[in-house]
Amino acid sequence: MPIRHCIVHLIDKKPDGSPAVLHARDAELEASQAIENMLADLNESYNAKQGKAWGFFHEESAAFPFSGWLKTYLDGGQDFTAFSRQAVEHLQKLMEESNLSAGGHVLFAHYQQGMTDYLAIALLHHSEGVAVNDALDVTPAKHLDLGQLHLAARINISEWRNNPNSKQYISFIKGKNGKKVSEYFRDFIGCQEGVDGPGETRTLLKAFSDFVESEDLPEEQARDKTKTLVSYATSQAKQGEPITLEELSGLIDEDRPKAFYEHIRNKDYGLSPEIPADKRTLSQFQRFTGRAEGLSISFEAHLLGSKIEFNEDSGTLVIHNLPTQLVDQLKRRKN
């Protein structure tokens, strides 16, 4: 993960309402193993976060100046330190106006992963701990608490520059500290939501269920394909990468690598070629199966409450909208 530029500023803002004080570095951080380790840990924590959203820049304006500053930096109009200084001063102003944040260390990191350039921005805080020094004394120690990451965003610079019509080149943590807190940080970036990650993931899973049903696959094959989908999507989510529909289609059916992709296109589910994976939605996707005395039942968990109703007291299932093929067989049998 080559790090092009990295810098940390400090906004000291107490919860007592006193003005925020900016302590800004005048030069970027020199490359070191410590910085590489920190950024790797930050990415791991960020990728694991639930409740992220995806979007794109507002049109540059006085209210949303960040994208213009970023473009100027990328085009060589100013260096990384000057760009980050402009941005952190803007963040300081928004903190003052909103009075919603206790300040912290503000990290800006421009790095490359594979062939893709990213800019990560995060508000970091410390946790109190202990350490053993060279004299074997136990002493107080502070460390960056990357596990408690509440305000952070990541911009896919390559996607933004190469595909300006994309609506998902920015991701940010929506946060659990209240809607207004995450909104103030989102406004600092100048980002608007463009893609509904959970909704897109649910649509993908619905398309997959329809595909399995239309293929009339044996239960074992259906179960294997479900595991393939969930494994791939979960892996992409852990890496902070989107689900690529064509790649997923090839994994689901190696003999017919375009089959699932063409199913999605022909049925017009409205999915983009790449969609962000929502881990919470994926974790709820599983198949219930059972066999007994000539009876075999299998269905996805998300169908409970809609197409399938379970009565625990009577131990019965009520199935709505039976597959057409099954209905035809039952009608022929009745006649």
# chains A, B, ... in the order shown; residues from 1 in each chain; ligands from 1
call {"tool": "residues_around", "arguments": {"residues": "region 30-38 of chain A", "least_positions_apart": "4", "cutoff": "10 Å", "atoms": "only C-alpha atoms", "output": "mmCIF file with C-alpha atoms, in the first residue's frame"}}
result
data_model
loop_
_atom_site.group_PDB
_atom_site.id
_atom_site.type_symbol
_atom_site.label_atom_id
_atom_site.label_comp_id
_atom_site.auth_asym_id
_atom_site.auth_seq_id
_atom_site.Cartn_x
_atom_site.Cartn_y
_atom_site.Cartn_z
ATOM 1 C CA MET A 1 0.000 0.000 0.000
ATOM 2 C CA PRO A 2 2.255 2.871 -1.214
ATOM 3 C CA ILE A 3 1.540 6.040 0.798
ATOM 4 C CA ARG A 4 1.928 9.123 -1.364
ATOM 5 C CA HIS A 5 1.313 11.734 1.328
ATOM 6 C CA CYS A 6 0.148 11.686 4.949
ATOM 7 C CA ILE A 7 -0.359 14.385 7.580
ATOM 8 C CA LEU A 42 -7.249 2.299 10.005
ATOM 9 C CA ASN A 43 -8.362 0.663 6.757
ATOM 10 C CA GLU A 44 -9.137 -2.591 8.554
ATOM 11 C CA ALA A 109 -3.741 10.167 3.818
ATOM 12 C CA LEU A 144 -4.861 6.001 18.928
ATOM 13 C CA LEU A 146 -8.767 3.056 15.784
#
call {"tool": "select_by_dssp", "arguments": {"residues": "region 138-195 of chain A", "states": "strand (DSSP E or B)", "output": "ChimeraX atom specification"}}
result
/A:138-144,151-156,170-173,191-195
call {"tool": "write_last_selection", "arguments": {"atoms": "N, CA and C atoms", "output": "short mmCIF file (atom, residue, chain, number, x, y, z; two decimals), in the first residue's frame"}}
result
data_model
loop_
_atom_site.label_atom_id
_atom_site.label_comp_id
_atom_site.auth_asym_id
_atom_site.auth_seq_id
_atom_site.Cartn_x
_atom_site.Cartn_y
_atom_site.Cartn_z
N VAL A 138 5.59 -0.04 35.05
CA VAL A 138 4.29 0.10 34.40
C VAL A 138 3.93 1.58 34.41
N THR A 139 3.74 2.14 33.24
CA THR A 139 3.49 3.58 33.14
C THR A 139 2.24 3.83 32.29
N PRO A 140 1.58 4.99 32.53
CA PRO A 140 0.44 5.35 31.69
C PRO A 140 0.88 5.55 30.25
N ALA A 141 0.01 5.23 29.32
CA ALA A 141 0.32 5.39 27.90
C ALA A 141 -0.95 5.69 27.12
N LYS A 142 -0.82 6.57 26.14
CA LYS A 142 -1.94 6.87 25.25
C LYS A 142 -1.71 6.19 23.91
N HIS A 143 -2.80 5.78 23.27
CA HIS A 143 -2.68 5.23 21.93
C HIS A 143 -3.90 5.62 21.11
N LEU A 144 -3.73 5.71 19.81
CA LEU A 144 -4.86 6.00 18.93
C LEU A 144 -5.85 4.84 18.97
N LEU A 151 -16.08 9.10 12.79
CA LEU A 151 -16.14 10.10 11.72
C LEU A 151 -14.98 9.87 10.77
N ALA A 152 -15.27 9.33 9.61
CA ALA A 152 -14.24 9.03 8.63
C ALA A 152 -14.87 8.91 7.25
N ALA A 153 -14.07 9.17 6.23
CA ALA A 153 -14.52 9.05 4.85
C ALA A 153 -13.36 8.58 3.99
N ARG A 154 -13.70 7.95 2.88
CA ARG A 154 -12.67 7.50 1.94
C ARG A 154 -13.14 7.85 0.52
N ILE A 155 -12.28 8.54 -0.21
CA ILE A 155 -12.61 8.98 -1.56
C ILE A 155 -11.78 8.17 -2.56
N ASN A 156 -12.47 7.51 -3.46
CA ASN A 156 -11.80 6.78 -4.54
C ASN A 156 -11.45 7.80 -5.62
N ILE A 170 -17.36 7.97 -3.12
CA ILE A 170 -17.08 8.36 -1.74
C ILE A 170 -17.84 7.43 -0.80
N SER A 171 -17.15 6.95 0.22
CA SER A 171 -17.85 6.24 1.29
C SER A 171 -17.57 6.96 2.60
N PHE A 172 -18.53 6.91 3.51
CA PHE A 172 -18.34 7.56 4.80
C PHE A 172 -19.17 6.83 5.85
N ILE A 173 -18.71 6.95 7.10
CA ILE A 173 -19.40 6.30 8.21
C ILE A 173 -20.59 7.16 8.60
N CYS A 191 -20.32 15.86 0.46
CA CYS A 191 -20.80 14.62 -0.14
C CYS A 191 -22.31 14.50 -0.01
N GLN A 192 -22.93 13.96 -1.03
CA GLN A 192 -24.34 13.61 -0.98
C GLN A 192 -24.49 12.12 -1.26
N GLU A 193 -25.45 11.51 -0.59
CA GLU A 193 -25.64 10.06 -0.78
C GLU A 193 -26.13 9.77 -2.19
N GLY A 194 -25.53 8.76 -2.80
CA GLY A 194 -25.92 8.42 -4.17
C GLY A 194 -26.35 6.98 -4.35
N VAL A 195 -25.86 6.09 -3.49
CA VAL A 195 -26.18 4.67 -3.62
C VAL A 195 -26.62 4.15 -2.26
#
call {"tool": "closest_residue", "arguments": {"among": "A:Phe260, A:Tyr169, A:Phe310, A:Phe188", "to": "Glu60 (chain A)", "atoms": "only C-alpha atoms"}}
result
A:Phe188
call {"tool": "atom_distance", "arguments": {"atom1": "CA of Leu282 (chain A)", "atom2": "CA of Leu304 (chain A)"}}
result
15.5 Å
call {"tool": "closest_residue", "arguments": {"among": "A:Glu220, A:Asp278, A:Asp187, A:Glu200", "to": "Phe64 (chain A)", "atoms": "only C-alpha atoms"}}
result
A:Asp187
call {"tool": "decode", "arguments": {"residues": "region 17-100 of chain A", "atoms": "C-alpha atoms", "output": "short mmCIF file (atom, residue, chain, number, x, y, z; two decimals), in the first residue's frame"}}
result
data_model
loop_
_atom_site.label_atom_id
_atom_site.label_comp_id
_atom_site.auth_asym_id
_atom_site.auth_seq_id
_atom_site.Cartn_x
_atom_site.Cartn_y
_atom_site.Cartn_z
CA GLY A 17 -18.07 25.36 24.66
CA SER A 18 -14.69 27.12 24.48
CA PRO A 19 -13.40 27.97 20.97
CA ALA A 20 -11.68 25.26 18.97
CA VAL A 21 -7.93 25.70 18.64
CA LEU A 22 -6.09 24.37 15.59
CA HIS A 23 -2.61 22.92 15.93
CA ALA A 24 -1.52 22.33 12.33
CA ARG A 25 1.62 20.62 11.08
CA ASP A 26 3.69 22.66 8.66
CA ALA A 27 5.01 19.60 6.80
CA GLU A 28 3.71 16.17 5.90
CA LEU A 29 4.81 13.08 7.78
CA GLU A 30 7.85 11.23 6.52
CA ALA A 31 7.32 7.65 5.42
CA SER A 32 7.82 5.11 8.18
CA GLN A 33 6.74 1.64 9.19
CA ALA A 34 4.67 3.16 12.00
CA ILE A 35 2.63 5.21 9.52
CA GLU A 36 2.14 2.19 7.24
CA ASN A 37 0.96 0.12 10.21
CA MET A 38 -1.40 2.89 11.33
CA LEU A 39 -2.98 3.26 7.90
CA ALA A 40 -3.34 -0.51 7.52
CA ASP A 41 -5.08 -0.69 10.92
CA LEU A 42 -7.25 2.30 10.01
CA ASN A 43 -8.36 0.66 6.76
CA GLU A 44 -9.14 -2.59 8.55
CA SER A 45 -11.24 -0.77 11.14
CA TYR A 46 -12.97 1.33 8.48
CA ASN A 47 -13.82 -1.65 6.27
CA ALA A 48 -15.29 -3.50 9.25
CA LYS A 49 -17.62 -0.65 10.16
CA GLN A 50 -21.33 -1.27 9.75
CA GLY A 51 -23.63 1.48 8.55
CA LYS A 52 -21.45 3.10 5.89
CA ALA A 53 -23.01 5.12 3.08
CA TRP A 54 -21.83 5.81 -0.47
CA GLY A 55 -22.14 8.96 -2.48
CA PHE A 56 -20.55 11.66 -4.63
CA PHE A 57 -19.54 15.31 -4.41
CA HIS A 58 -21.98 18.17 -4.42
CA GLU A 59 -21.20 20.70 -7.11
CA GLU A 60 -18.35 22.87 -5.86
CA SER A 61 -19.59 26.02 -4.10
CA ALA A 62 -18.88 28.28 -1.12
CA ALA A 63 -20.88 25.84 1.01
CA PHE A 64 -19.04 22.80 -0.37
CA PRO A 65 -15.50 23.89 -1.30
CA PHE A 66 -13.64 20.65 -0.50
CA SER A 67 -13.82 19.06 -3.97
CA GLY A 68 -12.33 22.20 -5.54
CA TRP A 69 -9.39 22.18 -3.12
CA LEU A 70 -8.83 18.48 -3.78
CA LYS A 71 -8.87 19.03 -7.55
CA THR A 72 -6.39 21.90 -7.25
CA TYR A 73 -4.04 19.69 -5.24
CA LEU A 74 -4.33 16.76 -7.66
CA ASP A 75 -3.73 19.08 -10.64
CA GLY A 76 -0.53 20.37 -9.04
CA GLY A 77 -1.88 23.79 -8.05
CA GLN A 78 -0.83 23.36 -4.41
CA ASP A 79 0.99 20.78 -2.33
CA PHE A 80 -0.58 18.23 -0.01
CA THR A 81 0.24 20.17 3.16
CA ALA A 82 -1.44 23.34 1.90
CA PHE A 83 -4.49 21.36 0.74
CA SER A 84 -4.86 19.62 4.11
CA ARG A 85 -4.43 22.95 5.93
CA GLN A 86 -7.29 24.51 3.93
CA ALA A 87 -9.47 21.50 4.61
CA VAL A 88 -8.77 21.27 8.35
CA GLU A 89 -9.42 25.00 8.80
CA HIS A 90 -12.80 24.47 7.13
CA LEU A 91 -13.47 21.52 9.45
CA GLN A 92 -12.54 23.66 12.47
CA LYS A 93 -15.08 26.30 11.34
CA LEU A 94 -17.83 23.68 10.95
CA MET A 95 -17.03 22.28 14.40
CA GLU A 96 -17.47 25.74 15.87
CA GLU A 97 -20.77 26.28 14.06
CA SER A 98 -22.25 22.88 14.87
CA ASN A 99 -20.83 22.51 18.39
CA LEU A 100 -21.25 18.75 17.91
#
